[in-house]
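Here the structure comes first, spelled out in structure tokens, and everything after it is commentary.
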Amino acid sequence: MTGTRASGANPLIEFKAVHKSFFVRGQQFDVVRALDLAVAPGEFLCIVGPSGSGKSTLLNMVAGLGPPSTGAVSYGGRPVSEVNTEVAYLTQHDTLLPWRTVADNVGVPLELRGMAAATRRPLVQAAIDAIGLAGFEGHYPRQLSGGMRKRAMLARTLIQDPQAILMDEPFGPLDAQLKLMLQAELMALWARSRKTIMFVTHDIVEAITLADRVVVLSARPARVNLIETIAIPRPRDVHRTRFAPEFETHYERIWAAMELGALAQVPA
Ligand SMILES: Nc1ncnc2c1ncn2[C@@H]1O[C@H](COP(=O)(O)OP(=O)(O)O)[C@@H](O)[C@H]1O
Ligand SMILES: [Mg+2]
């Protein structure tokens, strides 16, 4: 299975000629320029790009948290014009409520839908079990490690049973081993559920490990420098993808498209 699904006729998420500008103290500040991108249903799409290139801004547009200045972002064939309740959004920030236990945090999306506590309980437990947090239901966020907090946020995201998941550098600050474990769990969840995932990361290895396709953005204002279809067969073993014969070519092409090469040159 490769990224060929993305060439299907009906993308789930589509950016067409998207421009986005912010006005800072009266000055126009272009963040995204003439960006076209289509995400197929069930695709795992990773987005990499330099810091400040507009990656979070793109996810915000899909979530309906900030419309494009010109151009269109559509979801399921319809323009995103208000908060998009079809998608779950795991933002860069720690958004657990400190005064609530793990179970009560994970249950928030169901509570917001008005679901009764007794109905919520087994669903919350299943989400907690699925993400490896069994035994910590009654803990408060301050009693959890960074990785456990990420798991709790992921459980809260999955309990919504969304069609699509937007993930903004979710494993960024975690140590390398924990990152691999969570990547493996996410890939297993995705393989079972076939959600559409837009996953932002600054880690090229992570992007190649997870993605059907990797989109490389330019420095601000963001445009698409490269769309790399990852040819590494699935199922993938997160510990082994970097030794796959295809890996090096993908890495070189993505690295070159990041336009960071000059930074890595050791001066003579
Ligand atoms: N609401 C906003 N108002 C003004 N500038 C913003 C706003 N949101 C983002 N920006 C700016 O747009 C640029 C891209 O931001 P962002 O999408 O967060 O980048 P990335 O996620 O790629 O690091 C940054 O320079 C940021 O400061
Ligand atoms: Mg960001």
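For the structure tokens, the naming scheme is as follows: chains receive sequential letters (A, B, ...) according to their order of presentation, residues are indexed from 1 within each chain, and ligands are indexed from 1 in presentation order.
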message = Within 9 Å of ligand 1 (counting only C-alpha atoms and all ligand atoms), which residues show up? I'd like them as a PyMOL selection string.
response = chain A and resi 20-24+29-32+48-60+66+92+168-169+200+202+217+219-222
query = Can you list, as a PyMOL selection string, every protein, DNA or RNA residue that comes within 10 Å of A:Val87 when you count only C-alpha atoms, leaving out same-chain residues fewer than 2 positions away?
reply = chain A and resi 62-64+75+83-85+89-90+157+160-166+195-197
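The list of residues with at least one atom within 12 Å of A:Pro173, based on only C-alpha atoms and without residues fewer than 5 positions apart in the same chain, reads Gln92, His93, Asp94, Ser145, Gly146, Gly147, Arg149, Lys150, Asp168, Leu178, Lys179, Thr201, His202 and Asp203 of chain A.
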key: Separation of atom CA of A:Pro141 from atom CA of A:Glu111, in Å and rounded to one decimal   = 18.7 Å
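Atom CA of A:Phe199 to atom CA of A:Leu112 spans 25.1 Å [interatomic distance, one decimal].
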query = Which is closest to A:Met187 among A:Glu248, A:Glu43, A:Asp175, A:Glu82, if we use only C-alpha atoms?
reply = A:Glu43
key: Long-range neighbours of A:Arg242 as a PyMOL selection string, 9 Å cut-off, only C-alpha atoms, 3 positions minimum in chain   = chain A and resi 205+208-209+238-239+245-248
Test item, helix (DSSP H, G or I) assignment across stretch 9-241 of chain A, answer as a VMD selection string = chain A and resid 55 to 63 102 to 106 108 to 112 117 to 130 141 to 143 146 to 158 176 to 193 204 to 210 241
key: Residue contacts of A:Asp104 (9 Å, only C-alpha atoms) excluding same-chain residues fewer than 4 positions away, as a PyMOL selection string   = chain A and resi 97+100+108+124+137-138
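In this structure, atom CA of A:Ala127 sits 5.4 Å away from atom CA of A:Ala155.
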request  = Rank nothing, just name the residue among A:Arg33, A:Arg192, A:Arg151, A:Arg113 nearest to A:His19, using only C-alpha atoms.
outcome  = A:Arg33
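When only C-alpha atoms and all ligand atoms are used to measure the gap to ligand 2, the shortest distance among A:Gly26, A:Ile47, A:Gly135, A:Pro11 belongs to A:Ile47.
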Nearest-residue call for ligand 2, choices A:Ala184, A:Met167, A:Leu96, A:Val106, using only C-alpha atoms and all ligand atoms = A:Met167
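Proximity of A:Leu110, A:Val214, A:Ala134, A:Ala207 to A:Leu158, computed with only C-alpha atoms, is greatest for A:Leu110.
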inquiry  = Can you pull out every residue from stretch 30-242 of chain A that DSSP, working from the backbone, puts in strand (DSSP E or B), and format the result as a PyMOL selection string?
reply    = chain A and resi 30-39+44-48+70-75+78-79+87-90+164-168+196-200+213-217+222+224-229
With N, CA and C atoms retained, could you export that selection as a short mmCIF file (atom, residue, chain, number, x, y, z; two decimals), in the first residue's frame?
data_model
loop_
_atom_site.label_atom_id
_atom_site.label_comp_id
_atom_site.auth_asym_id
_atom_site.auth_seq_id
_atom_site.Cartn_x
_atom_site.Cartn_y
_atom_site.Cartn_z
N ASP A 30 2.37 37.34 5.29
CA ASP A 30 1.87 36.18 4.53
C ASP A 30 2.42 34.89 5.13
N VAL A 31 1.53 33.99 5.47
CA VAL A 31 1.94 32.73 6.11
C VAL A 31 1.81 31.55 5.15
N VAL A 32 0.75 31.56 4.34
CA VAL A 32 0.54 30.49 3.35
C VAL A 32 0.27 31.14 2.01
N ARG A 33 0.89 30.58 0.96
CA ARG A 33 0.76 31.20 -0.36
C ARG A 33 0.44 30.15 -1.41
N ALA A 34 -0.65 30.31 -2.10
CA ALA A 34 -1.01 29.48 -3.26
C ALA A 34 -0.81 27.99 -2.99
N LEU A 35 -1.41 27.54 -1.91
CA LEU A 35 -1.20 26.15 -1.50
C LEU A 35 -2.36 25.26 -1.97
N ASP A 36 -2.00 24.20 -2.67
CA ASP A 36 -2.96 23.19 -3.10
C ASP A 36 -2.55 21.86 -2.48
N LEU A 37 -3.53 21.17 -1.91
CA LEU A 37 -3.23 19.89 -1.27
C LEU A 37 -4.53 19.12 -1.10
N ALA A 38 -4.48 17.83 -1.41
CA ALA A 38 -5.67 16.99 -1.22
C ALA A 38 -5.30 15.78 -0.38
N VAL A 39 -6.14 15.47 0.60
CA VAL A 39 -5.90 14.33 1.48
C VAL A 39 -7.02 13.32 1.24
N PHE A 44 -2.81 8.44 5.68
CA PHE A 44 -1.95 8.96 6.75
C PHE A 44 -0.99 9.94 6.09
N LEU A 45 -1.25 11.22 6.27
CA LEU A 45 -0.45 12.26 5.63
C LEU A 45 0.40 12.97 6.68
N CYS A 46 1.69 13.05 6.45
CA CYS A 46 2.55 13.80 7.35
C CYS A 46 2.97 15.10 6.68
N ILE A 47 3.08 16.14 7.49
CA ILE A 47 3.51 17.44 7.00
C ILE A 47 4.76 17.84 7.76
N VAL A 48 5.82 18.12 7.02
CA VAL A 48 7.03 18.64 7.64
C VAL A 48 7.36 19.99 7.02
N THR A 70 -7.74 33.95 1.18
CA THR A 70 -8.39 33.68 -0.10
C THR A 70 -8.18 32.20 -0.41
N GLY A 71 -8.93 31.70 -1.38
CA GLY A 71 -8.88 30.27 -1.68
C GLY A 71 -9.86 29.53 -0.78
N ALA A 72 -9.83 28.21 -0.83
CA ALA A 72 -10.83 27.44 -0.09
C ALA A 72 -10.23 26.21 0.56
N VAL A 73 -10.74 25.91 1.76
CA VAL A 73 -10.44 24.64 2.41
C VAL A 73 -11.77 23.90 2.52
N SER A 74 -11.80 22.69 1.98
CA SER A 74 -13.06 21.94 2.08
C SER A 74 -12.84 20.62 2.80
N TYR A 75 -13.92 20.15 3.37
CA TYR A 75 -13.92 18.88 4.10
C TYR A 75 -15.14 18.10 3.62
N ARG A 78 -17.33 19.96 1.17
CA ARG A 78 -17.99 21.22 1.54
C ARG A 78 -16.98 22.17 2.17
N PRO A 79 -17.10 23.47 1.87
CA PRO A 79 -16.16 24.42 2.47
C PRO A 79 -16.26 24.41 3.99
N VAL A 87 -13.82 16.43 12.77
CA VAL A 87 -12.42 16.11 13.03
C VAL A 87 -12.10 16.25 14.51
N ALA A 88 -11.14 15.45 14.96
CA ALA A 88 -10.60 15.63 16.30
C ALA A 88 -9.23 16.29 16.13
N TYR A 89 -8.89 17.15 17.04
CA TYR A 89 -7.68 17.96 16.88
C TYR A 89 -6.84 17.81 18.14
N LEU A 90 -5.69 17.19 17.97
CA LEU A 90 -4.73 17.06 19.07
C LEU A 90 -3.70 18.17 18.86
N ALA A 164 -11.63 12.04 10.94
CA ALA A 164 -10.26 12.48 10.67
C ALA A 164 -9.64 13.01 11.95
N ILE A 165 -8.32 12.85 12.05
CA ILE A 165 -7.60 13.33 13.22
C ILE A 165 -6.48 14.26 12.76
N LEU A 166 -6.44 15.43 13.36
CA LEU A 166 -5.36 16.39 13.11
C LEU A 166 -4.42 16.31 14.30
N MET A 167 -3.15 16.07 14.04
CA MET A 167 -2.19 15.94 15.15
C MET A 167 -1.02 16.89 14.91
N ASP A 168 -0.79 17.77 15.87
CA ASP A 168 0.24 18.79 15.72
C ASP A 168 1.45 18.47 16.60
N THR A 196 -8.60 9.12 8.72
CA THR A 196 -7.73 9.99 7.92
C THR A 196 -6.90 10.80 8.91
N ILE A 197 -5.59 10.81 8.73
CA ILE A 197 -4.75 11.51 9.69
C ILE A 197 -3.87 12.55 8.98
N MET A 198 -3.92 13.78 9.49
CA MET A 198 -2.95 14.82 9.10
C MET A 198 -2.06 15.03 10.30
N PHE A 199 -0.79 14.71 10.15
CA PHE A 199 0.14 14.64 11.27
C PHE A 199 1.30 15.59 10.99
N VAL A 200 1.42 16.62 11.78
CA VAL A 200 2.51 17.58 11.63
C VAL A 200 3.68 17.17 12.51
N ARG A 213 2.09 9.54 2.56
CA ARG A 213 2.78 10.60 1.81
C ARG A 213 3.30 11.64 2.80
N VAL A 214 4.43 12.23 2.47
CA VAL A 214 5.00 13.30 3.29
C VAL A 214 4.97 14.59 2.46
N VAL A 215 4.34 15.60 3.01
CA VAL A 215 4.29 16.90 2.35
C VAL A 215 5.37 17.77 2.98
N VAL A 216 6.24 18.32 2.15
CA VAL A 216 7.29 19.21 2.65
C VAL A 216 6.92 20.64 2.29
N LEU A 217 6.78 21.47 3.32
CA LEU A 217 6.46 22.87 3.09
C LEU A 217 7.72 23.69 2.98
N ALA A 222 4.24 29.50 3.35
CA ALA A 222 4.27 28.08 3.01
C ALA A 222 3.65 27.80 1.65
N VAL A 224 3.86 24.14 -1.16
CA VAL A 224 4.28 22.74 -1.14
C VAL A 224 5.55 22.60 -1.98
N ASN A 225 6.65 22.25 -1.34
CA ASN A 225 7.91 22.03 -2.04
C ASN A 225 7.98 20.63 -2.64
N LEU A 226 7.39 19.67 -1.94
CA LEU A 226 7.52 18.28 -2.37
C LEU A 226 6.40 17.47 -1.74
N ILE A 227 5.85 16.54 -2.51
CA ILE A 227 4.98 15.51 -1.94
C ILE A 227 5.64 14.18 -2.24
N GLU A 228 6.12 13.52 -1.19
CA GLU A 228 6.87 12.28 -1.33
C GLU A 228 5.97 11.11 -0.94
N THR A 229 5.73 10.22 -1.88
CA THR A 229 4.97 9.00 -1.57
C THR A 229 5.93 7.98 -1.00
#
remark   = Closest of A:Leu174, A:Ile230, A:Ile131, A:Met148 to A:Leu186, counting only C-alpha atoms, is A:Ile131
